[in-house]
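This report concerns only the one structure given below.
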Amino acid sequence: MRHTRLINYAIYQIGWFACVLGAASQRPWTGLVTAMILIGVHLVLSEERTIEVRLVVLATTVGAVVEMIQIAAGTYRFTSGTLIDSLPPPWLLAMWAQFATTFRFSLRGVITRPVPAMLFGAAGGPIAFLAGEGLGAVTLLPPLGYGLLRLSISWAIALAVFSVVVRRVSSEPGAHYVAMRKHWNCVEAR
């Protein structure tokens, strides 16, 4: 199980950096394609694909709402990949979709408990955007404090929603990837 969580986390981080660095280098489609491939890998390896697809759709929908609110509030603007000014760029929605692939794996210990999930969102959302700005994918607009507060609140709410949903759909605690479980069972048997 530990290996599955580490692999899941590493795959998510690869997608996150691909999206952010792709946007920062004015090649947002490279990150989008990378994230979509990694989501596909996750779905192929998952035992409960239907649940995973639903979580991806939910996270993408919630993410779109969160980002449209932030854009309308003037929290930030993107350096590349925006097709319509009032909508988040596709690479950012791909990040939300890929984020969902961590809910039942590497983030399971946090996301299945509402209060830790909210705290994680309240801190993690602003930190992710500060990192994205540092790497050149987004520009946080003044006043910075209010923007970070809006991010904190919206991410806390989003993760609370995810927490409730993940707790309801998770029939198997610590669900494993099919291929990885077979591999690690063979390794452990040796």
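To be explicit about the labels: the chains of the structure tokens are called A, B, and onward in the order shown, and within each one the residues are counted from 1, while ligands get numbers from 1 in the order they are shown.
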
Give me, as a list in words, all polymer residues having an atom no more than 6 Å from Gly121 of chain A, counting only C-alpha atoms and skipping those fewer than 4 positions away in the same chain. Gly125, Trp155, Ala156 and Leu159 of chain A

Any chance you can output those residues with C-alpha atoms as a PDB file, in the first residue's frame?
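What follows is the written file part-v6.pdb:
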```
ATOM      1  CA  GLY A 125      -4.508  26.159  -2.425  1.00  0.00           C
ATOM      2  CA  TRP A 155     -10.012  25.550  -1.530  1.00  0.00           C
ATOM      3  CA  ALA A 156     -11.171  24.712   2.000  1.00  0.00           C
ATOM      4  CA  LEU A 159     -11.820  19.923  -0.229  1.00  0.00           C
TER       5      LEU A 159
END
```

Mind checking which residues fall within 10 Å of Ala23 of chain A, counting only C-alpha atoms, ignoring those fewer than 2 positions away in the same chain, and posting them as a list in words?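 Near Ala23 of chain A, the qualifying residues are Phe17, Ala18, Cys19, Val20, Leu21, Ser25, Gln26, Arg27, Pro28, Trp29, Thr30, Gly31, Leu32, Phe78, Thr79, Ser80, Gly81, Thr82, Pro89, Trp91, Leu92, Gly132, Leu135, Gly136, Ala137 and Val138 of chain A.
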
To test your reading of the structure, identify every residue in chain A that backbone DSSP assigns to strand (DSSP E), and report it as a list in words.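 Listing strand (DSSP E) positions across chain A yields Tyr76, Arg77, Phe78, Val138, Thr139 and Leu140 of chain A.
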
What is the atom CA of Phe103 of chain A-atom CA of Leu148 of chain A distance in Å, reported with one decimal?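 Straight-line distance from atom CA of Phe103 of chain A to atom CA of Leu148 of chain A works out to 23.6 Å.
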
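Each of A:Ile37, A:Trp16, A:Arg104, A:Ser152 was checked against Arg168 of chain A using only C-alpha atoms; the smallest atom-to-atom distance is that of A:Arg104.
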
Residues near Ala73 of chain A, anyone? I mean within 12 Å using only C-alpha atoms, not counting same-chain ones fewer than 6 positions away, as an MDAnalysis selection string. chainID A and resid 66:67 86 140:143 146:151 154

Extract the full set of helix (DSSP H, G or I) residues from segment 18-190 of chain A according to DSSP on the backbone, and format it as an MDAnalysis selection string. chainID A and resid 18:24 28:45 49:73 90:100 108:111 114:135 144:169 178:189

Generate the output file for the selected residues, C-alpha atoms, as a compact mmCIF listing (two decimals), in the first residue's frame.
```txt
# COMPACT_ATOMS: atom_id res chain seq x y z
CA ALA A 18 4.28 19.52 -16.46
CA CYS A 19 1.22 21.79 -16.37
CA VAL A 20 2.86 24.64 -14.48
CA LEU A 21 6.16 24.56 -16.35
CA GLY A 22 4.37 24.12 -19.69
CA ALA A 23 2.27 27.22 -19.00
CA ALA A 24 5.30 29.14 -17.74
CA PRO A 28 0.48 25.04 -22.01
CA TRP A 29 -0.64 22.15 -24.21
CA THR A 30 2.37 20.05 -23.19
CA GLY A 31 1.22 20.05 -19.59
CA LEU A 32 -2.38 19.39 -20.57
CA VAL A 33 -1.40 16.38 -22.68
CA THR A 34 0.93 15.05 -19.99
CA ALA A 35 -1.75 15.34 -17.30
CA MET A 36 -4.33 13.65 -19.50
CA ILE A 37 -1.95 10.76 -20.22
CA LEU A 38 -1.24 10.37 -16.49
CA ILE A 39 -4.97 10.38 -15.71
CA GLY A 40 -5.36 7.66 -18.33
CA VAL A 41 -2.59 5.61 -16.69
CA HIS A 42 -4.32 6.02 -13.34
CA LEU A 43 -7.63 4.85 -14.76
CA VAL A 44 -6.06 1.83 -16.47
CA LEU A 45 -4.40 0.78 -13.21
CA ARG A 49 -12.58 2.94 -12.75
CA THR A 50 -16.17 4.13 -12.54
CA ILE A 51 -15.56 5.71 -9.14
CA GLU A 52 -12.30 7.24 -10.31
CA VAL A 53 -13.91 8.71 -13.45
CA ARG A 54 -16.69 10.22 -11.34
CA LEU A 55 -14.13 11.78 -8.98
CA VAL A 56 -12.21 13.21 -11.95
CA VAL A 57 -15.42 14.73 -13.36
CA LEU A 58 -16.41 16.10 -9.94
CA ALA A 59 -12.99 17.63 -9.30
CA THR A 60 -12.89 19.19 -12.75
CA THR A 61 -16.36 20.68 -12.29
CA VAL A 62 -15.64 21.99 -8.79
CA GLY A 63 -12.27 23.28 -10.01
CA ALA A 64 -13.88 25.13 -12.90
CA VAL A 65 -16.30 26.85 -10.50
CA VAL A 66 -13.52 27.73 -8.02
CA GLU A 67 -11.30 29.12 -10.77
CA MET A 68 -14.09 31.13 -12.44
CA ILE A 69 -14.87 32.73 -9.07
CA GLN A 70 -11.19 33.56 -8.55
CA ILE A 71 -10.84 34.97 -12.05
CA ALA A 72 -13.98 37.10 -11.64
CA ALA A 73 -12.73 38.33 -8.26
CA PRO A 90 -7.49 23.87 -19.97
CA TRP A 91 -4.14 23.02 -18.36
CA LEU A 92 -5.47 24.22 -14.99
CA LEU A 93 -8.62 22.12 -15.31
CA ALA A 94 -6.40 19.14 -16.15
CA MET A 95 -4.59 19.76 -12.86
CA TRP A 96 -7.89 19.60 -10.98
CA ALA A 97 -8.77 16.39 -12.83
CA GLN A 98 -5.43 14.87 -11.96
CA PHE A 99 -5.78 16.05 -8.35
CA ALA A 100 -8.81 13.74 -8.10
CA ARG A 108 -6.65 9.27 1.37
CA GLY A 109 -5.58 9.94 4.97
CA VAL A 110 -6.39 13.63 4.61
CA ILE A 111 -9.30 13.72 2.19
CA PRO A 114 -13.45 16.67 6.64
CA VAL A 115 -11.55 18.93 9.06
CA PRO A 116 -8.05 17.90 7.93
CA ALA A 117 -9.26 18.11 4.32
CA MET A 118 -10.48 21.68 4.86
CA LEU A 119 -7.24 22.68 6.58
CA PHE A 120 -5.21 21.06 3.82
CA GLY A 121 -7.21 22.98 1.21
CA ALA A 122 -7.00 26.25 3.14
CA ALA A 123 -3.20 26.01 3.21
CA GLY A 124 -2.54 24.03 0.04
CA GLY A 125 -4.51 26.16 -2.42
CA PRO A 126 -2.63 29.40 -1.72
CA ILE A 127 0.70 27.56 -1.50
CA ALA A 128 0.12 25.93 -4.90
CA PHE A 129 -0.66 29.30 -6.48
CA LEU A 130 2.33 30.96 -4.85
CA ALA A 131 4.49 28.16 -6.27
CA GLY A 132 2.81 28.56 -9.66
CA GLU A 133 3.59 32.26 -9.60
CA GLY A 134 7.17 31.58 -8.60
CA LEU A 135 7.54 29.27 -11.59
CA LEU A 144 -2.24 39.84 -2.48
CA GLY A 145 -3.58 39.21 1.03
CA TYR A 146 -7.21 39.29 -0.08
CA GLY A 147 -6.48 37.07 -3.04
CA LEU A 148 -4.75 34.49 -0.87
CA LEU A 149 -7.65 34.62 1.57
CA ARG A 150 -10.12 33.99 -1.27
CA LEU A 151 -8.00 31.07 -2.44
CA SER A 152 -7.81 29.68 1.08
CA ILE A 153 -11.56 29.81 1.63
CA SER A 154 -12.51 28.42 -1.77
CA TRP A 155 -10.01 25.55 -1.53
CA ALA A 156 -11.17 24.71 2.00
CA ILE A 157 -14.75 24.48 0.75
CA ALA A 158 -13.73 22.45 -2.31
CA LEU A 159 -11.82 19.92 -0.23
CA ALA A 160 -14.70 19.65 2.23
CA VAL A 161 -16.94 18.73 -0.72
CA PHE A 162 -14.38 16.21 -1.94
CA SER A 163 -14.11 14.76 1.57
CA VAL A 164 -17.83 14.10 1.82
CA VAL A 165 -17.97 12.52 -1.63
CA VAL A 166 -14.86 10.36 -1.23
CA ARG A 167 -16.11 9.02 2.10
CA ARG A 168 -19.38 8.00 0.45
CA VAL A 169 -17.87 6.31 -2.61
CA VAL A 178 -4.41 -3.60 -9.98
CA ALA A 179 -1.05 -3.89 -11.71
CA MET A 180 0.92 -2.43 -8.82
CA ARG A 181 -0.71 -4.69 -6.27
CA LYS A 182 0.10 -7.77 -8.35
CA HIS A 183 3.67 -6.58 -8.75
CA TRP A 184 4.22 -5.83 -5.07
CA ASN A 185 2.55 -9.09 -3.98
CA CYS A 186 5.00 -10.98 -6.17
CA VAL A 187 7.94 -9.01 -4.77
CA GLU A 188 6.82 -9.57 -1.16
CA ALA A 189 6.33 -13.31 -1.77
```

Could you jot down the atom CA of Gly74 of chain A to atom CA of Thr139 of chain A separation for me, Å, one decimal place?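 For atom CA of Gly74 of chain A relative to atom CA of Thr139 of chain A, the distance reads 10.5 Å.
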